[in-house]
>>> print(open('input_24.pdb').read())   # PDB, C-alpha atoms, pLDDT in the B column
MODEL        1
ATOM      1  CA  MET A 112       4.079  23.580  74.826  1.00 50.00           C
ATOM      2  CA  LYS A 113       4.148  25.102  71.369  1.00 41.00           C
ATOM      3  CA  HIS A 114       3.046  28.614  70.629  1.00 44.00           C
ATOM      4  CA  LYS A 115      -0.390  28.912  69.005  1.00 46.00           C
ATOM      5  CA  VAL A 116       1.205  30.165  65.797  1.00 41.00           C
ATOM      6  CA  LEU A 117       3.456  27.068  65.610  1.00 37.00           C
ATOM      7  CA  ILE A 118       0.528  24.732  66.292  1.00 44.00           C
ATOM      8  CA  LYS A 119      -1.448  26.404  63.496  1.00 41.00           C
ATOM      9  CA  SER A 120       1.561  26.093  61.173  1.00 49.00           C
ATOM     10  CA  ASP A 121       1.864  22.361  61.942  1.00 50.00           C
ATOM     11  CA  GLU A 122      -1.822  21.861  61.201  1.00 52.00           C
ATOM     12  CA  GLN A 123      -1.398  23.626  57.858  1.00 54.00           C
ATOM     13  CA  ASP A 124       1.624  21.457  57.003  1.00 55.00           C
ATOM     14  CA  VAL A 125      -0.339  18.287  57.720  1.00 55.00           C
ATOM     15  CA  PHE A 126      -3.243  19.522  55.570  1.00 56.00           C
ATOM     16  CA  THR A 127      -0.845  20.445  52.754  1.00 61.00           C
ATOM     17  CA  ASP A 128       0.790  17.007  52.903  1.00 60.00           C
ATOM     18  CA  LEU A 129      -2.595  15.265  52.767  1.00 60.00           C
ATOM     19  CA  LEU A 130      -3.714  17.423  49.842  1.00 57.00           C
ATOM     20  CA  PHE A 131      -0.455  16.805  47.959  1.00 57.00           C
ATOM     21  CA  ASN A 132      -0.649  13.039  48.531  1.00 60.00           C
ATOM     22  CA  ALA A 133      -4.256  12.966  47.376  1.00 62.00           C
ATOM     23  CA  LEU A 134      -3.385  14.859  44.170  1.00 61.00           C
ATOM     24  CA  LEU A 135      -0.400  12.586  43.605  1.00 61.00           C
ATOM     25  CA  GLY A 136      -2.651   9.521  43.970  1.00 62.00           C
ATOM     26  CA  PHE A 137      -5.178  10.903  41.460  1.00 60.00           C
ATOM     27  CA  ALA A 138      -2.369  11.695  38.997  1.00 61.00           C
ATOM     28  CA  PHE A 139      -0.958   8.182  39.368  1.00 59.00           C
ATOM     29  CA  MET A 140      -4.365   6.547  38.780  1.00 62.00           C
ATOM     30  CA  PHE A 141      -4.969   8.767  35.744  1.00 59.00           C
ATOM     31  CA  ALA A 142      -1.588   7.784  34.269  1.00 61.00           C
ATOM     32  CA  ILE A 143      -2.332   4.061  34.778  1.00 61.00           C
ATOM     33  CA  ALA A 144      -5.769   4.404  33.180  1.00 61.00           C
ATOM     34  CA  PHE A 145      -4.304   6.307  30.207  1.00 57.00           C
ATOM     35  CA  MET A 146      -1.660   3.634  29.619  1.00 63.00           C
ATOM     36  CA  LEU A 147      -4.277   0.885  29.757  1.00 59.00           C
ATOM     37  CA  ILE A 148      -6.420   2.716  27.207  1.00 57.00           C
ATOM     38  CA  ASN A 149      -3.457   3.149  24.852  1.00 52.00           C
ATOM     39  CA  SER A 150      -2.444  -0.474  25.319  1.00 46.00           C
ATOM     40  CA  SER A 151      -5.966  -1.627  24.412  1.00 42.00           C
ATOM     41  CA  GLU A 152      -6.007   0.518  21.258  1.00 45.00           C
ATOM     42  CA  ASP A 153      -2.560  -0.582  20.153  1.00 46.00           C
ATOM     43  CA  SER A 154      -3.419  -4.266  20.553  1.00 43.00           C
ATOM     44  CA  GLY A 155      -6.033  -3.976  17.808  1.00 43.00           C
ATOM     45  CA  LYS A 156      -3.705  -2.385  15.297  1.00 44.00           C
ATOM     46  CA  ILE A 157      -2.282  -4.353  12.367  1.00 40.00           C
ATOM     47  CA  GLU A 158       0.992  -3.066  11.039  1.00 46.00           C
ATOM     48  CA  ALA A 159       0.736  -2.431   7.314  1.00 53.00           C
ATOM     49  CA  LYS A 160       3.834  -3.753   5.616  1.00 79.00           C
ATOM     50  CA  ALA A 161       4.909  -4.332   2.027  1.00 90.00           C
ATOM     51  CA  GLU A 162       7.944  -6.161   0.725  1.00 95.00           C
ATOM     52  CA  ILE A 163       7.562  -5.490  -3.005  1.00 96.00           C
ATOM     53  CA  LEU A 164       5.992  -2.487  -4.764  1.00 96.00           C
ATOM     54  CA  ILE A 165       5.071  -2.828  -8.448  1.00 96.00           C
ATOM     55  CA  SER A 166       4.176   0.380 -10.316  1.00 95.00           C
ATOM     56  CA  VAL A 167       2.720   0.534 -13.828  1.00 95.00           C
ATOM     57  CA  SER A 168       2.325   3.977 -15.396  1.00 94.00           C
ATOM     58  CA  TRP A 169       1.577   5.582 -18.754  1.00 93.00           C
ATOM     59  CA  PRO A 170       1.396   9.223 -19.958  1.00 92.00           C
ATOM     60  CA  ASP A 171      -0.664  11.634 -17.845  1.00 87.00           C
ATOM     61  CA  ASN A 172      -4.167  12.469 -19.149  1.00 86.00           C
ATOM     62  CA  HIS A 173      -3.988   9.602 -21.654  1.00 88.00           C
ATOM     63  CA  PRO A 174      -7.466   8.044 -22.095  1.00 90.00           C
ATOM     64  CA  ASP A 175      -6.263   4.445 -22.578  1.00 91.00           C
ATOM     65  CA  ASP A 176      -6.856   1.814 -19.896  1.00 90.00           C
ATOM     66  CA  VAL A 177      -3.931  -0.443 -18.964  1.00 93.00           C
ATOM     67  CA  ASP A 178      -4.143  -3.267 -16.448  1.00 92.00           C
ATOM     68  CA  ALA A 179      -1.407  -4.830 -14.353  1.00 94.00           C
ATOM     69  CA  ILE A 180      -1.646  -8.599 -13.921  1.00 94.00           C
ATOM     70  CA  VAL A 181       0.664 -10.187 -11.349  1.00 95.00           C
ATOM     71  CA  GLU A 182       1.134 -13.892 -10.666  1.00 94.00           C
ATOM     72  CA  ASP A 183       2.687 -15.192  -7.440  1.00 95.00           C
ATOM     73  CA  PRO A 184       4.661 -18.440  -6.919  1.00 95.00           C
ATOM     74  CA  GLN A 185       1.443 -20.252  -5.965  1.00 92.00           C
ATOM     75  CA  GLY A 186      -0.233 -19.333  -9.250  1.00 90.00           C
ATOM     76  CA  GLY A 187      -2.503 -16.711  -7.673  1.00 91.00           C
ATOM     77  CA  LEU A 188      -3.385 -13.685  -9.812  1.00 92.00           C
ATOM     78  CA  VAL A 189      -4.199 -10.089  -8.960  1.00 92.00           C
ATOM     79  CA  TRP A 190      -5.802  -7.857 -11.599  1.00 89.00           C
ATOM     80  CA  TYR A 191      -8.845  -5.585 -11.827  1.00 86.00           C
ATOM     81  CA  HIS A 192     -11.267  -8.525 -11.483  1.00 84.00           C
ATOM     82  CA  ASN A 193      -9.471  -9.985  -8.433  1.00 86.00           C
ATOM     83  CA  ARG A 194      -7.768  -7.307  -6.355  1.00 87.00           C
ATOM     84  CA  ASP A 195      -6.589  -9.634  -3.556  1.00 86.00           C
ATOM     85  CA  SER A 196      -4.806 -12.937  -3.897  1.00 88.00           C
ATOM     86  CA  GLY A 197      -2.816 -14.502  -1.082  1.00 87.00           C
ATOM     87  CA  LEU A 198      -0.239 -11.923  -0.008  1.00 92.00           C
ATOM     88  CA  MET A 199      -0.713  -9.601  -3.004  1.00 94.00           C
ATOM     89  CA  HIS A 200      -3.074  -6.641  -3.390  1.00 92.00           C
ATOM     90  CA  LEU A 201      -3.971  -4.309  -6.260  1.00 92.00           C
ATOM     91  CA  ASP A 202      -3.931  -0.913  -4.525  1.00 83.00           C
ATOM     92  CA  ARG A 203      -5.191   1.103  -7.477  1.00 66.00           C
ATOM     93  CA  ASP A 204      -6.991   0.159 -10.683  1.00 59.00           C
ATOM     94  CA  ASP A 205      -6.487   3.134 -13.009  1.00 53.00           C
ATOM     95  CA  ARG A 206      -8.889   3.316 -15.949  1.00 53.00           C
ATOM     96  CA  GLY A 207      -7.301   6.139 -17.941  1.00 44.00           C
ATOM     97  CA  VAL A 208      -9.366   9.321 -17.748  1.00 47.00           C
ATOM     98  CA  PHE A 209     -12.479   7.458 -16.597  1.00 45.00           C
ATOM     99  CA  ALA A 210     -13.558   8.376 -13.047  1.00 48.00           C
ATOM    100  CA  ASP A 211     -10.490  10.604 -12.619  1.00 52.00           C
ATOM    101  CA  LYS A 212     -12.627  13.622 -11.675  1.00 51.00           C
ATOM    102  CA  MET A 213     -13.752  14.294  -8.131  1.00 53.00           C
ATOM    103  CA  ASN A 214     -15.732  17.038  -6.403  1.00 53.00           C
ATOM    104  CA  ILE A 215     -13.991  18.737  -3.482  1.00 61.00           C
ATOM    105  CA  ASN A 216     -15.699  21.692  -1.754  1.00 68.00           C
ATOM    106  CA  GLY A 217     -17.847  22.325  -4.808  1.00 67.00           C
ATOM    107  CA  LYS A 218     -14.898  22.311  -7.221  1.00 64.00           C
ATOM    108  CA  THR A 219     -14.214  19.615  -9.809  1.00 55.00           C
ATOM    109  CA  ILE A 220     -10.638  18.335  -9.526  1.00 58.00           C
ATOM    110  CA  SER A 221      -9.042  16.111 -12.156  1.00 57.00           C
ATOM    111  CA  ASN A 222      -6.273  13.617 -11.401  1.00 58.00           C
ATOM    112  CA  PRO A 223      -4.073  13.445 -14.513  1.00 63.00           C
ATOM    113  CA  ILE A 224      -1.813  10.608 -13.287  1.00 81.00           C
ATOM    114  CA  ASN A 225      -2.239   7.184 -14.879  1.00 87.00           C
ATOM    115  CA  GLN A 226      -0.767   4.575 -12.553  1.00 92.00           C
ATOM    116  CA  GLU A 227      -1.590   1.157 -11.157  1.00 91.00           C
ATOM    117  CA  THR A 228       0.200  -0.228  -8.102  1.00 93.00           C
ATOM    118  CA  VAL A 229       0.424  -3.741  -6.697  1.00 94.00           C
ATOM    119  CA  THR A 230       1.934  -4.537  -3.293  1.00 94.00           C
ATOM    120  CA  VAL A 231       3.331  -7.864  -2.129  1.00 96.00           C
ATOM    121  CA  ARG A 232       2.977  -7.962   1.653  1.00 94.00           C
ATOM    122  CA  LYS A 233       5.256 -10.936   2.256  1.00 93.00           C
ATOM    123  CA  LEU A 234       7.736 -12.680  -0.010  1.00 93.00           C
ATOM    124  CA  GLN A 235       7.249 -16.299  -0.993  1.00 94.00           C
ATOM    125  CA  ALA A 236       9.976 -18.398  -2.532  1.00 96.00           C
ATOM    126  CA  GLY A 237       9.408 -18.889  -6.239  1.00 97.00           C
ATOM    127  CA  GLU A 238       8.688 -16.870  -9.367  1.00 97.00           C
ATOM    128  CA  TYR A 239       6.604 -13.721  -9.774  1.00 97.00           C
ATOM    129  CA  VAL A 240       5.348 -12.614 -13.192  1.00 96.00           C
ATOM    130  CA  VAL A 241       4.250  -9.063 -14.045  1.00 97.00           C
ATOM    131  CA  ASN A 242       2.146  -8.691 -17.200  1.00 96.00           C
ATOM    132  CA  LEU A 243       0.504  -5.720 -18.913  1.00 96.00           C
ATOM    133  CA  LEU A 244      -2.888  -5.803 -20.605  1.00 94.00           C
ATOM    134  CA  HIS A 245      -4.079  -3.096 -23.003  1.00 94.00           C
ATOM    135  CA  TYR A 246      -7.699  -3.184 -21.873  1.00 88.00           C
ATOM    136  CA  LYS A 247      -8.916  -0.154 -23.802  1.00 90.00           C
ATOM    137  CA  ALA A 248      -7.202   1.712 -26.655  1.00 90.00           C
ATOM    138  CA  ASN A 249      -8.294   5.004 -28.234  1.00 90.00           C
ATOM    139  CA  TYR A 250      -5.583   5.482 -30.859  1.00 91.00           C
ATOM    140  CA  GLU A 251      -3.804   3.435 -33.501  1.00 91.00           C
ATOM    141  CA  GLU A 252      -0.378   4.359 -32.170  1.00 93.00           C
ATOM    142  CA  ALA A 253       1.353   2.063 -29.697  1.00 95.00           C
ATOM    143  CA  LEU A 254       1.245   3.110 -26.040  1.00 96.00           C
ATOM    144  CA  ASN A 255       4.438   3.286 -23.973  1.00 97.00           C
ATOM    145  CA  VAL A 256       3.999   1.885 -20.465  1.00 97.00           C
ATOM    146  CA  ASP A 257       6.633   2.121 -17.723  1.00 97.00           C
ATOM    147  CA  VAL A 258       7.030  -0.681 -15.195  1.00 98.00           C
ATOM    148  CA  LYS A 259       8.996  -0.387 -11.954  1.00 97.00           C
ATOM    149  CA  VAL A 260       9.560  -3.124  -9.369  1.00 97.00           C
ATOM    150  CA  GLU A 261      11.089  -2.200  -5.991  1.00 97.00           C
ATOM    151  CA  LYS A 262      12.100  -4.364  -3.043  1.00 96.00           C
ATOM    152  CA  LEU A 263      11.387  -2.271   0.053  1.00 94.00           C
ATOM    153  CA  ASN A 264      13.137  -4.057   2.933  1.00 91.00           C
ATOM    154  CA  PRO A 265      15.564  -3.761   4.601  1.00 88.00           C
ATOM    155  CA  GLN A 266      16.128  -0.803   2.255  1.00 91.00           C
ATOM    156  CA  VAL A 267      14.637   0.268  -1.068  1.00 94.00           C
ATOM    157  CA  GLU A 268      16.227  -1.627  -3.948  1.00 95.00           C
ATOM    158  CA  LEU A 269      15.287  -1.199  -7.616  1.00 97.00           C
ATOM    159  CA  ILE A 270      14.697  -4.664  -9.078  1.00 96.00           C
ATOM    160  CA  TYR A 271      13.509  -3.607 -12.521  1.00 98.00           C
ATOM    161  CA  TYR A 272      12.605  -0.540 -14.558  1.00 98.00           C
ATOM    162  CA  GLY A 273      11.642  -0.627 -18.217  1.00 97.00           C
ATOM    163  CA  THR A 274       9.305   0.706 -20.919  1.00 98.00           C
ATOM    164  CA  HIS A 275       7.024  -1.546 -22.948  1.00 97.00           C
ATOM    165  CA  GLU A 276       4.833  -0.937 -26.008  1.00 97.00           C
ATOM    166  CA  LEU A 277       1.216  -2.040 -25.996  1.00 96.00           C
ATOM    167  CA  GLU A 278      -0.344  -2.179 -29.438  1.00 95.00           C
ATOM    168  CA  GLY A 279      -4.097  -2.184 -28.946  1.00 93.00           C
ATOM    169  CA  VAL A 280      -7.055  -3.759 -27.197  1.00 92.00           C
ATOM    170  CA  GLY A 281      -6.251  -7.210 -25.815  1.00 89.00           C
ATOM    171  CA  ASP A 282      -2.484  -6.926 -26.260  1.00 93.00           C
ATOM    172  CA  GLU A 283      -0.877  -8.696 -23.306  1.00 94.00           C
ATOM    173  CA  LYS A 284       2.853  -8.605 -22.699  1.00 95.00           C
ATOM    174  CA  THR A 285       5.182  -9.838 -19.994  1.00 97.00           C
ATOM    175  CA  ALA A 286       6.996  -6.865 -18.491  1.00 97.00           C
ATOM    176  CA  VAL A 287       9.233  -8.750 -16.067  1.00 98.00           C
ATOM    177  CA  ARG A 288       9.652 -12.048 -14.256  1.00 98.00           C
ATOM    178  CA  PHE A 289      11.786 -12.519 -11.149  1.00 98.00           C
ATOM    179  CA  THR A 290      12.477 -15.224  -8.601  1.00 97.00           C
ATOM    180  CA  VAL A 291      12.657 -15.007  -4.805  1.00 96.00           C
ATOM    181  CA  ASP A 292      15.111 -17.525  -3.354  1.00 95.00           C
ATOM    182  CA  SER A 293      15.106 -19.187   0.075  1.00 92.00           C
ATOM    183  CA  LYS A 294      17.054 -16.233   1.534  1.00 91.00           C
ATOM    184  CA  LYS A 295      14.458 -13.719   0.229  1.00 91.00           C
ATOM    185  CA  GLU A 296      16.925 -12.446  -2.369  1.00 94.00           C
ATOM    186  CA  ILE A 297      15.769 -11.509  -5.896  1.00 96.00           C
ATOM    187  CA  THR A 298      17.312 -13.536  -8.727  1.00 96.00           C
ATOM    188  CA  ASN A 299      16.732 -14.460 -12.366  1.00 97.00           C
ATOM    189  CA  VAL A 300      15.166 -11.181 -13.561  1.00 97.00           C
ATOM    190  CA  ASN A 301      14.020 -11.659 -17.170  1.00 97.00           C
ATOM    191  CA  GLN A 302      11.340 -10.844 -19.749  1.00 95.00           C
ATOM    192  CA  LEU A 303      10.478 -14.307 -21.046  1.00 97.00           C
ATOM    193  CA  SER A 304       6.916 -14.198 -22.310  1.00 95.00           C
ATOM    194  CA  LYS A 305       4.205 -15.906 -20.268  1.00 94.00           C
ATOM    195  CA  ARG A 306       0.547 -15.356 -21.061  1.00 92.00           C
ATOM    196  CA  LEU A 307      -1.611 -14.945 -17.972  1.00 92.00           C
ATOM    197  CA  LEU A 308      -4.942 -13.967 -19.518  1.00 80.00           C
ATOM    198  CA  THR A 309      -6.519 -14.475 -22.938  1.00 58.00           C
ATOM    199  CA  LYS A 310      -7.749 -11.685 -25.195  1.00 35.00           C
ATOM    200  CA  ALA A 311     -11.275 -12.790 -24.311  1.00 35.00           C
ATOM    201  CA  VAL A 312     -10.648 -11.760 -20.674  1.00 52.00           C
ATOM    202  CA  GLY A 313      -9.644  -8.321 -21.905  1.00 38.00           C
ATOM    203  CA  ARG A 314     -13.101  -7.914 -23.435  1.00 40.00           C
ATOM    204  CA  ASP A 315     -14.912  -8.569 -20.137  1.00 50.00           C
ATOM    205  CA  THR A 316     -16.921  -5.650 -18.770  1.00 43.00           C
ATOM    206  CA  LYS A 317     -15.411  -3.973 -15.728  1.00 47.00           C
ATOM    207  CA  GLY A 318     -17.485  -3.509 -12.566  1.00 41.00           C
TER     208      GLY A 318
ENDMDL
END
>>> encode(input="input_24.pdb", output="structure tokens")
Amino acid sequence: MKHKVLIKSDEQDVFTDLLFNALLGFAFMFAIAFMLINSSEDSGKIEAKAEILISVSWPDNHPDDVDAIVEDPQGGLVWYHNRDSGLMHLDRDDRGVFADKMNINGKTISNPINQETVTVRKLQAGEYVVNLLHYKANYEEALNVDVKVEKLNPQVELIYYGTHELEGVGDEKTAVRFTVDSKKEITNVNQLSKRLLTKAVGRDTKG
């Protein structure tokens, strides 16, 4: 027969084991529930991905309004009046100094940067055309506009960078054309002119 002290010690050990196992079970169930919650949230996520980034910029604080117009191999167009077409999206329609001011914590902040960006989410075989439209002009002097086209995957690759002169309201110029081949490689980069919009379109009122 065990001493009373040993019996009491055994009882405490059994109680400790039960308590530990119970805590372990609760921890295990909590971990499973947490993983299921995360799995449910992740299943609803859509991975944002871009293959081509097209940037159009002109001098900071300049009041003129320049529009990017991009045509895909299927003939779809993105521009200020149609911001989504197929796998292309106009991320930002910059209107010069118009609507560049915002109120943050009671203070008026001005964004001096003039830039429009278009993303191509997936490459299609065929030709892409990037045009510039001088939608609104405030001076007689020509406006210099920089155009940059980058292929983002599997690593960032500069496809084109150049400066173009726009000479007033309605002036539309082809900045660059390039072709995507069957292997998703960029070929035939050129500046052959192709008109995408008429001057009449340039006089439409923006929303």
>>> closest_residue(input="input_24.pdb", among="A:Glu162, A:Glu227, A:Glu283, A:Asp178", to="A:Leu198", atoms="all atoms listed in the file")
A:Glu162
>>> closest_residue(input="input_24.pdb", among="A:Leu277, A:Val229, A:Ala253, A:Leu269", to="A:Val300", atoms="all atoms listed in the file")
A:Leu269
>>> axis_aligned_box(input="input_24.pdb", around="stretch 272-289 of chain A", padding_each_side="3 Å", output="AutoDock Vina command-line options")
--center_x 2.8 --center_y -5.9 --center_z -20.3 --size_x 25.7 --size_y 19.2 --size_z 24.3
>>> atom_distance(input="input_24.pdb", atom1="atom CA of A:Leu164", atom2="atom CA of A:Val267")
9.8 Å
>>> closest_residue(input="input_24.pdb", among="A:Arg288, A:Glu278, A:Ala179, A:Asn264", to="A:His192", atoms="only C-alpha atoms")
A:Ala179
